[in-house]
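Novice: Below is the structure I would like to discuss, written out as structure tokens.
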Number of protein chains: 2
Amino acid sequence: PAGGSGERLGGATPKQFCAVQGRPLVSYAVRAMERISWISDIIVVVSPENIETMKTIIEKYGHKRVTVVEGGITRHRSIFNGLKAFAENEFSSHLLQKPEVVIIHDAVRPFVDEDIISKVVMAAKEHGAAGAIRPLVSTVVASAADGCLDHSLERARYRASEMPQAFLFDIIYEAYQQCTDYDLDYGTECLHLALKYCKTNAKLVEGTADLWKVTYKRDLYAAESIIKDNLSQQVCVITNVKETLAQVGFLLPESLKSQIKVEAISVSLSKNDSHLQSIISGQCYNFVCVNEKRCALQETQELVDMLEKSNIPLLCPVVLISVYLDISENNSFSIGMEDLTTIKKFARETKKKNILVYGLLIQYK
Amino acid sequence: PAGGSGERLGGATPKQFCAVQGRPLVSYAVRAMERISWISDIIVVVSPENIETMKTIIEKYGHKRVTVVEGGITRHRSIFNGLKAFAENEFSSHLLQKPEVVIIHDAVRPFVDEDIISKVVMAAKEHGAAGAIRPLVSTVVASAADGCLDHSLERARYRASEMPQAFLFDIIYEAYQQCTDYDLDYGTECLHLALKYCKTNAKLVEGTADLWKVTYKRDLYAAESIIKDNLSQQVCVITNVKETLAQVGFLLPESLKSQIKVEAISVSLSKNDSHLQSIISGQCYNFVCVNEKRCALQETQELVDMLEKSNIPLLCPVVLISVYLDISENNSFSIGMEDLTTIKKFARETKKKNILVYGLLIQYK
């Protein structure tokens with residue numbers, strides 16, 4: 001569901017469409033899902049007035065496997081509409097294949113990782129339903145009719161129900177079909193519907209603090225900072241397979257390791273390397289590419305092509321430092337400068353694609 | 001209480017001592033309290049190993065009316081120690097005067113404002129106890145012994161219990177004296193103690209979203225952004241009482257109003273103006289001071305003195321733009337430049353006190 005109005009945020013734009021580091025929040029959540037290869041379809045349920053916005057986002061950020069479905073006036077009605085896309089023709093131009101397990105997640109929880117999704121799905125396969133939980137941050141109290149404290153709950157005995165949740169499709173779909181209008185209008189908890197209408201006690205899975213829901217403006221601030229942090233926390237060092245370069249490819253990551261998460265790979269870029277592909281799609285935005293001087297630009301071009309195809313640069317600028325290691329006996333400064341002029345020209349072009357290429361020439365006798 | 005270990009934050013420094021915009025979080029919370037003139041004493045309860053740190057913070061940021069008390073091993077034991085400072089000699093070098101109402105607040109909730117504190121205190125005077133509440137962000141669930149969902153709570157019927165809370169001193173002190181070791185070791189909710197041991201049903205007061213508790217690293221990020229935002233959101237325009245200047249003092253705020261919160265005052269700085277004092281202590285960090293050229297530096301000096309005395313510049317740099325309006329018939333550029341040289345020298349001195357003075361000379365014939 002991505003249909004909320006974001007009243008608690010205090011702004012005109014619903015929070016799922018607010019830009020965080022220049023990109024709408026919902027796009028991060030969709031990206032978190034589409035990175036997982038075993039998720040076959042992603043349904044985004046949005047309110048009628050935001051359908052076009054959502055479609056534009058999907059196109060702009062190159063999201064795949066996404067179907068946009070029109071939401072209802074409440075959370076439960078929206079989720080129900082999303083489920084119908086797998087079961088009833090009217091809600092989608094093409095009927096999607098009914099899955100064994102369906103995951104329900106919020107558009108405003110962008111930091112969900114594969115680990116918790118996988119745990120929740122496996123638990124749902126076994127128990128019929130499962131959901132992520134977190135310890136309560138505050139004590140929960142019940143108030144009496146006069147606005148005074150009636151009782152407080154023992155904090156340790158209760159948990160906050162978070163997302164993602166997962167269900168055997170047949171169970172949650174049946175629960176939605178059977179539930180009352182009151183449930184659809186005033187309920188918010190899918191686990192409750194599975195329990196009430198299908199006698200399915202959901203397995204509760206402890207999640208990490210990352211699962212939190214962007215609710216208030218302060219949460220947008222926090223999301224922004226976390227995303228910024230993540231972007232600068234990983235670098236991929238790519239070296240050619242040749243022996244001398246591979247050594248650099250070993251020493252550089254070693255010395256970077258204490259400060260940043262380093263992925264070091266030694267590949268020939270002309271081959272479509274699957275490890276490199278997975279690093280790129282894992283949203284690495286920083287690359288150091290150590291080349292032999294001779295084939296420098298060609299290798300850089302190949303990496304730029306891969307990055308472009310990945311759609312990663314659409315989200316944030318990618319930084320690519322192309323190191324030219326000249327170890328030939330007769331290297332000369334003027335020839336090196338020529339190469340840098342070429343890379344400068346090249347960088348001017350890639351900048352338009354949001355890929356910032358920097359050239360570094362090292363002459364070593 | 002400022003005694004937590006901050007385990008959920010994932011860092012070595014307890015969150016109340018983490019620097020937010022260069023200043024420890026606890027200092028913001030203390031500041032929020034000391035700004036309120038009708039609060040007579042502020043007790044900060046910290047764990048034994050942080051007492052010296054806390055004392056250094058109090059000195060560095062010029063906090064007043066603060067007593068540091070050694071905490072216990074749990075939240076309730078710490079709060080109890082804090083209360084004892086008003087009732088038992090052993091916990092404080094000088095016995096503080098027992099208050100009618102005591103406010104309990106967390107060091108990690110820096111954005112509390114006078115409005116909610118006042119509401120909670122008034123409600124406590126009437127009902128014996130009161131506490132701020134917020135709507136639940138997530139549904140609360142209870143798990144069975146097998147880790148599966150037992151039941152979920154209807155979200156609308158429950159609230160999150162936040163801080164501040166307030167109590168008639170005698171009620172909360174009696175509650176702490178009567179409660180069991182189990183309560184002291186495993187409980188967390190003061191309202192619960194007042195109910196259980198003094199039959200006092202606390203009044204629940206709806207608070208604003210600002211009351212949230214800094215718990216995770218993301219909350220520190222959010223606090224940082226909010227504080228940055230607040231700093232740049234208010235400017236105070238000060239003009240001398242003379243007619244021509246007062247007109248500028250009217251026009252400038254008018255044109256700034258659409259972009260920023262503006263306080264405009266027309267005062268003679270040599271008199272100790274209480275309105276200006278209250279603006280300064282309300283943490284305004286941006287000033288535009290429109291002076292007559294003749295007495296320019298003197299007026300600026302007086303404002304700098306006031307700012308220095310307020311301790312405000314200790315927290316964040318204060319920006320003071322001193323505008324010299326020269327409306328004399330025979331103004332000359334060279335004389336104006338002389339003035340600017342003087343202000344430049346002056347600014348170099350004030351910079352050491354964290355007050356950034358900028359001079360602007362306007363010659364108007």
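Within each chain, counting starts at residue 1; across the structure tokens, chains are named A, B, ... in the order shown, with ligands numbered 1 upward in that order.
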Restrict the distance test to only C-alpha atoms, flag each residue of chain B within 6 Å of chain A, and return the flagged residues as a PyMOL selection string.
Specialist: chain B and resi 138-142+147-149+158-161+201-204+218+221-222
Novice: Residues near Ser27 (chain A), anyone? I mean within 10 Å using only C-alpha atoms, not counting same-chain ones fewer than 4 positions away, as a ChimeraX atom specification.
Specialist: /A:16-17,19-20,23,31-33,54,57-58,60-63,107-108,110,315
Novice: Pick the closest to Lys64 (chain B) from B:Glu49, B:Glu263, B:Asp41, B:Glu299: which is it, counting only C-alpha atoms?
Specialist: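 Using only C-alpha atoms, the shortest distance to Lys64 (chain B) belongs to B:Asp41.
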Novice: Could you pull the residues within 12 Å of Glu100 (chain B), counting only C-alpha atoms, minus those fewer than 5 positions along the same chain, as a list in words?
Specialist: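 Listed by chain and then number, they are Trp38, Ile39, Ser40, Asp41, Phe86, Val121, Met122, Ala124, Lys125, Glu126, Gly128, Ala129, Ala166, Phe167, Leu168, Phe169, Asp170, Ile171, Ile172 and Tyr173 of chain B.
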Novice: Which residue, B:Leu297, B:Ala132, B:Ile312, B:Ile280, has the smallest gap to Ile116 (chain B) when you use only C-alpha atoms?
Specialist: B:Ala132
Novice: Could you check which of B:Val267, B:Leu307, B:Ala29, B:Leu211 is closest to Thr239 (chain B), using only C-alpha atoms?
Specialist: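 Using only C-alpha atoms, the shortest distance to Thr239 (chain B) belongs to B:Val267.
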Novice: At a cut-off of 12 Å, using only C-alpha atoms, what residues contact Glu52 (chain B)? Leave out same-chain residues fewer than 4 positions from it and give the result as a list in words.
Specialist: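 Residues meeting the cut-off are Phe17, Val46, Ser47, Pro48, Thr56, Ile57, Ile58, Glu59, Val68, Val69 and Glu70 of chain B.
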Novice: Those residues with N, CA and C atoms, as a compact mmCIF listing (two decimals), in the first residue's frame please?
Specialist:
# COMPACT_ATOMS: atom_id res chain seq x y z
N PHE B 17 24.23 11.77 25.86
CA PHE B 17 25.49 12.52 25.79
C PHE B 17 26.02 12.65 24.36
N VAL B 46 21.94 10.96 36.68
CA VAL B 46 22.83 10.26 35.74
C VAL B 46 23.53 9.11 36.43
N SER B 47 23.96 8.16 35.65
CA SER B 47 24.67 7.01 36.21
C SER B 47 26.02 7.48 36.78
N PRO B 48 26.52 6.78 37.81
CA PRO B 48 27.72 7.24 38.53
C PRO B 48 28.87 7.60 37.59
N THR B 56 30.42 18.80 33.79
CA THR B 56 31.15 19.57 32.78
C THR B 56 30.18 20.21 31.79
N ILE B 57 29.17 19.47 31.39
CA ILE B 57 28.17 19.99 30.45
C ILE B 57 27.45 21.19 31.06
N ILE B 58 27.07 21.06 32.33
CA ILE B 58 26.35 22.15 33.00
C ILE B 58 27.20 23.41 33.03
N GLU B 59 28.49 23.22 33.30
CA GLU B 59 29.37 24.37 33.37
C GLU B 59 29.59 24.98 31.99
N VAL B 68 22.78 17.72 40.02
CA VAL B 68 23.07 16.39 39.47
C VAL B 68 22.94 15.36 40.59
N VAL B 69 22.19 14.32 40.34
CA VAL B 69 21.96 13.28 41.34
C VAL B 69 22.38 11.94 40.73
N GLU B 70 22.97 11.10 41.55
CA GLU B 70 23.42 9.79 41.08
C GLU B 70 22.23 8.85 40.91
Novice: DSSP on the backbone, then: every residue of region 97-196 of chain A marked alpha helix (DSSP H), written as a ChimeraX atom specification.
Specialist: /A:114-127,169-178,181-186,190-196
Novice: What is the distance, in Å and to one decimal place, between CA of Val323 (chain B) and CA of Thr341 (chain B)?
Specialist: 13.9 Å
Novice: Compare A:Asp113, A:Leu83, A:Lys228, A:Glu292 by their minimum atom-to-atom distance to Pro99 (chain A), counting only C-alpha atoms, and give me the closest one.
Specialist: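 The shortest atom-to-atom distance to Pro99 (chain A) comes from A:Leu83.
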Novice: For Tyr358 (chain A), which of A:Ser118, A:Asn240, A:Thr300, A:Asn311 is the closest residue, counting only C-alpha atoms?
Specialist: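 Of A:Ser118, A:Asn240, A:Thr300, A:Asn311, the one nearest Tyr358 (chain A), counting only C-alpha atoms, is A:Thr300.
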Novice: Find the residues near Ala85 (chain B): any atom within 12 Å, counting only C-alpha atoms, skip ones fewer than 2 places away on the same chain, and give them as a ChimeraX atom specification.
Specialist: /B:41-45,66-71,78-83,87-99,102,169,173
Novice: Check region 116-322 of chain A with DSSP on the backbone and list each residue it calls strand (DSSP E or B), as an MDAnalysis selection string.
Specialist: chainID A and resid 129:135 139:143 148:152 158:168 203:206 234:239 261:266 286:292 318:322
Novice: As an exercise, work out the distance from CA of Tyr28 (chain B) to CA of Lys84 (chain B) in Å and give it to one decimal place.
Specialist: 24.3 Å
Novice: Just how far from CA of Ala264 (chain B) is CA of Ile238 (chain B), in Å to one decimal?
Specialist: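 Atom-to-atom, CA of Ile238 (chain B) to CA of Ala264 (chain B), that is 6.1 Å.
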